[in-house]
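Colleague: Sharing a structure with you now.
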Amino acid sequence: MLLRRRGIWILALIFLSAGCGLSEYEKRMDRQNVALKRFDEENKALEDPLDAPMFVDPKAPIGQAVLPVEFYLRPPKGTVIKAKDLEEPKPGKFVLVHYPGPAGFNVLVTTGKTPADEKNPKPKEMTPKEFQHRVRQALAGFYQMEYKKPFDFSKFEKTEKKTIPSVSAKGAPINLNFDYQAITDDPDPGRKNIAKDPKDKSADPYHDFRLYFYQTAGEQAAIIYEMPAAKRNDGEANLKVDFSIRSLALGADAMIKRHNYRKHKR
């Protein structure tokens with residue numbers, strides 16, 4: 001009788017252990033299914049990650065990194081992942097890297113170092129306030145070059161806080177905290193429809209710019225999405241931007257995300 005009772009307890013323990021194992025397995029499968037579903041949704045909305053901008057001098061043995069901080073970002077579908085018109089990085093020159101998209105759409109990226117001591121920054125470091133100011137100056141230069149007319153972005157200094165849920169390089173959920181602002185050259189941004197005739201390019205002359213400023217310990221970035229003002233309420237265009245900005249990572253996290261993406265694509 002004693003042996004029989006012991007046998008029953010052993011069987012019970014085996015079944016309980018199997019049950020616990022199955023539960024953990026099911027949880028892992030659920031997480032994997034959620035991750036795969038998210039990856040499929042992102043693939044429908046986004047391109048491959050933007051290439052790290054490198055200036056290649058035919059006379060030099062290796063290319064030069066154009067930006068001081070490594071970044072990872074998957075842009076909206078239709079964006080060219082190679083940067084356009086890269087110039088040789090020079091000391092003191094602020095660079096806003098341009099990745100063109102469909103007509104009227106562009107993604108602009110820059111990164112920088114933040115000082116540990118804002119009162120005594122090192123030569124290549126900038127306070128977030130100075131960084132944001134330089135970004136708007138560079139955006140004004142891009143606008144002038146692209147549209148052959150000036151627009152004063154410097155008067156738009158007020159930002160709002162925006163928190164966006166994302167996934168870290170290690171797969172854990174995190175919140176990305178941004179200083180955000182939306183800027184438009186549209187003199188009447190309240191209107192619902194701008195372009196009446198899709199064949200008439202002059203009917204859609206205005207542009208919206210969405211600026212996301214992001215900081216980590218020692219690093220910062222600005223991601224700018226440009227779209228035609230007529231598309232500001234377009235659900236598909238907005239979804240692509242939303243998916244894109246959630247993919248952002250800097251520094252070591254950017255390198256891990258790039259590695260993980262290549263592994264998923266195999």
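Residue numbering restarts at 1 in every chain; chains get A, B, ... in the order shown in the structure tokens, and ligands count up from 1 in that same order.
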Excluding Ile164 of chain A and its own-chain neighbours fewer than 6 positions away, which residues fall within 7 Å of it when counting only C-alpha atoms? Please give them as JSON, numbers by chain.
Modeller: {"A": [175, 176, 177, 246]}
Colleague: Only N, CA and C atoms, please: the residues just picked out, written as a PDB file, in the first residue's frame.
Modeller:
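In the end it all went to again_35.pdb:
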ATOM      1  N   ASN A 175       9.302  52.343 -23.410  1.00  0.00           N
ATOM      2  CA  ASN A 175       8.686  53.578 -23.882  1.00  0.00           C
ATOM      3  C   ASN A 175       9.766  54.494 -24.446  1.00  0.00           C
ATOM      4  N   LEU A 176       9.553  54.996 -25.654  1.00  0.00           N
ATOM      5  CA  LEU A 176      10.434  56.000 -26.233  1.00  0.00           C
ATOM      6  C   LEU A 176       9.844  57.371 -25.936  1.00  0.00           C
ATOM      7  N   ASN A 177      10.631  58.228 -25.307  1.00  0.00           N
ATOM      8  CA  ASN A 177      10.161  59.565 -24.924  1.00  0.00           C
ATOM      9  C   ASN A 177      10.758  60.611 -25.857  1.00  0.00           C
ATOM     10  N   ARG A 246       8.627  53.972 -34.036  1.00  0.00           N
ATOM     11  CA  ARG A 246       8.728  52.958 -32.996  1.00  0.00           C
ATOM     12  C   ARG A 246       9.982  52.086 -33.163  1.00  0.00           C
TER      13      ARG A 246
END
Colleague: Enumerate as a ChimeraX atom specification all residues of segment 69-257 of chain A assigned to strand (DSSP E or B) by DSSP on the backbone, naming them with the chain letters and numbers the document uses.
Modeller: /A:71-72,76,84,97-100,106-113,125,160-167,173-184,207-216,219-228,249-250
Colleague: Would you mind listing what lies within 6 Å of segment 103-113 of chain A as a ChimeraX atom specification, with only C-alpha atoms counted and same-chain residues fewer than 2 positions away left out?
Modeller: /A:68-69,96-101,125,218-228
Colleague: Could you save those same residues with C-alpha atoms as a compact mmCIF listing (two decimals), in the first residue's frame?
Modeller:
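File written: again34.txt
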# COMPACT_ATOMS: atom_id res chain seq x y z
CA PRO A 68 28.65 60.64 -34.85
CA VAL A 69 26.14 58.16 -33.38
CA LEU A 96 21.01 66.45 -41.82
CA VAL A 97 20.97 63.24 -43.86
CA HIS A 98 18.30 62.96 -46.57
CA TYR A 99 16.51 59.73 -47.51
CA PRO A 100 14.00 60.51 -50.29
CA GLY A 101 10.61 58.84 -50.56
CA GLU A 125 28.78 67.63 -27.84
CA GLY A 218 25.12 60.55 -23.91
CA GLU A 219 23.35 60.34 -27.29
CA GLN A 220 20.58 62.11 -29.18
CA ALA A 221 18.85 62.03 -32.54
CA ALA A 222 16.36 63.95 -34.65
CA ILE A 223 14.06 62.13 -37.06
CA ILE A 224 12.01 64.27 -39.45
CA TYR A 225 9.19 62.96 -41.60
CA GLU A 226 8.07 65.21 -44.44
CA MET A 227 4.78 64.58 -46.22
CA PRO A 228 2.47 66.61 -48.48
Colleague: Give me the residues within 12 Å of segment 91-95 of chain A as a PyMOL selection string, counting only C-alpha atoms and dropping any in the same chain fewer than 4 places off.
Modeller: chain A and resi 53+65-68+83+85-87+108-112+123-126+130-139+141-142+221-222
Colleague: Given the selection you just returned, output its residues as a file containing C-alpha atoms, formatted as a short mmCIF file (atom, residue, chain, number, x, y, z; two decimals), in the first residue's frame.
Modeller:
data_model
loop_
_atom_site.label_atom_id
_atom_site.label_comp_id
_atom_site.auth_asym_id
_atom_site.auth_seq_id
_atom_site.Cartn_x
_atom_site.Cartn_y
_atom_site.Cartn_z
CA PRO A 53 25.45 57.11 -44.00
CA ALA A 65 30.86 57.84 -40.93
CA VAL A 66 28.81 60.98 -41.62
CA LEU A 67 26.98 60.98 -38.26
CA PRO A 68 28.65 60.64 -34.85
CA ALA A 83 21.20 58.50 -48.25
CA ASP A 85 23.96 63.55 -51.89
CA LEU A 86 26.27 62.78 -48.98
CA GLU A 87 29.12 65.22 -48.44
CA LEU A 108 15.69 63.32 -42.59
CA VAL A 109 18.01 62.06 -39.87
CA THR A 110 20.79 63.40 -37.71
CA THR A 111 22.46 62.29 -34.48
CA GLY A 112 24.77 63.80 -31.89
CA PRO A 123 33.80 70.08 -28.78
CA LYS A 124 31.50 67.55 -30.51
CA GLU A 125 28.78 67.63 -27.84
CA MET A 126 25.62 69.74 -27.83
CA GLU A 130 21.30 73.68 -29.01
CA PHE A 131 20.88 70.42 -30.94
CA GLN A 132 17.23 71.17 -31.67
CA HIS A 133 18.09 74.69 -32.79
CA ARG A 134 20.76 73.38 -35.18
CA VAL A 135 18.29 70.82 -36.55
CA ARG A 136 15.79 73.56 -37.44
CA GLN A 137 18.54 75.58 -39.08
CA ALA A 138 19.56 72.57 -41.17
CA LEU A 139 15.92 71.90 -42.05
CA GLY A 141 18.61 74.85 -45.55
CA PHE A 142 17.05 71.63 -46.86
CA ALA A 221 18.85 62.03 -32.54
CA ALA A 222 16.36 63.95 -34.65
#
Colleague: Rounded to one decimal, what separation in Å do you get between atom CA of Ser154 of chain A and atom CA of Ala229 of chain A?
Modeller: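 Result for atom CA of Ser154 of chain A versus atom CA of Ala229 of chain A: 19.8 Å, one decimal.
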Colleague: Among segment 25-253 of chain A, which residues does DSSP mark as alpha helix (DSSP H) when it is run on the backbone? Keep the chain and numbering as in the structure and answer as a VMD selection string.
Modeller: chain A and resid 25 to 45 128 to 147 235 to 246 251 to 253
Colleague: Need to verify the contact set: Phe55 of chain A, 6 Å, only C-alpha atoms, exclusion of same-chain residues closer than 5 positions in sequence. Can you return it as a PyMOL selection string?
Modeller: chain A and resi 63-64+88
Colleague: Write the residues of the preceding selection, restricted to C-alpha atoms, as a PDB file, in the first residue's frame.
Modeller:
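New file again.pdb:
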ATOM      1  CA  GLY A  63      34.601  55.307 -45.848  1.00  0.00           C
ATOM      2  CA  GLN A  64      33.903  57.943 -43.200  1.00  0.00           C
ATOM      3  CA  GLU A  88      32.439  64.710 -46.702  1.00  0.00           C
TER       4      GLU A  88
END
Colleague: Determine the nearest neighbour of Ile245 of chain A from the options A:Val167, A:Ile62, A:Ala230, A:Met54, counting only C-alpha atoms.
Modeller: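 When distances to Ile245 of chain A are compared using only C-alpha atoms, the smallest one comes from A:Val167.
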Colleague: Calculate how many Å separate atom CA of Asp242 of chain A from atom CA of Arg258 of chain A, rounding to one decimal.
Modeller: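 Value for the atom CA of Asp242 of chain A-atom CA of Arg258 of chain A distance: 19.2 Å.
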Colleague: Interatomic distance between atom CA of Asp186 of chain A and atom CA of Phe213 of chain A?
Modeller: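 If I compute the distance from atom CA of Asp186 of chain A to atom CA of Phe213 of chain A, I get 22.4 Å.
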Colleague: What's the 12 Å shell around Asn43 of chain A, counting only C-alpha atoms, without same-chain residues fewer than 2 positions away, as a PyMOL selection string?
Modeller: chain A and resi 36-41+45-49+74-78+240+243-244+247+261+264-265
Colleague: Please write the residues from the selection above to a file, keeping C-alpha atoms, as a compact mmCIF listing (two decimals), in the first residue's frame.
Modeller:
# COMPACT_ATOMS: atom_id res chain seq x y z
CA LEU A 36 5.87 37.51 -35.64
CA LYS A 37 2.53 39.26 -36.17
CA ARG A 38 4.13 42.61 -35.32
CA PHE A 39 7.02 41.87 -37.68
CA ASP A 40 4.57 41.06 -40.51
CA GLU A 41 2.61 44.28 -39.90
CA ALA A 45 4.31 49.42 -43.69
CA LEU A 46 8.09 49.79 -43.64
CA GLU A 47 11.22 49.39 -45.73
CA ASP A 48 14.43 47.69 -44.63
CA PRO A 49 16.48 49.71 -42.10
CA ARG A 74 12.99 51.47 -40.60
CA PRO A 75 11.43 54.19 -42.78
CA PRO A 76 7.94 54.26 -44.34
CA LYS A 77 7.40 52.05 -47.37
CA GLY A 78 8.68 53.65 -50.57
CA LYS A 240 3.65 54.21 -41.65
CA PHE A 243 5.44 52.18 -37.17
CA SER A 244 8.65 53.83 -38.34
CA SER A 247 11.69 51.21 -34.62
CA TYR A 261 16.67 42.27 -38.27
CA HIS A 264 14.72 37.62 -39.00
CA LYS A 265 15.07 38.22 -42.73
Colleague: So, counting only C-alpha atoms, which residue among A:Gly235, A:Pro173, A:Pro121, A:Pro205 is closest to Pro187 of chain A?
Modeller: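 With only C-alpha atoms as the atom set, the closest residue is A:Pro205.
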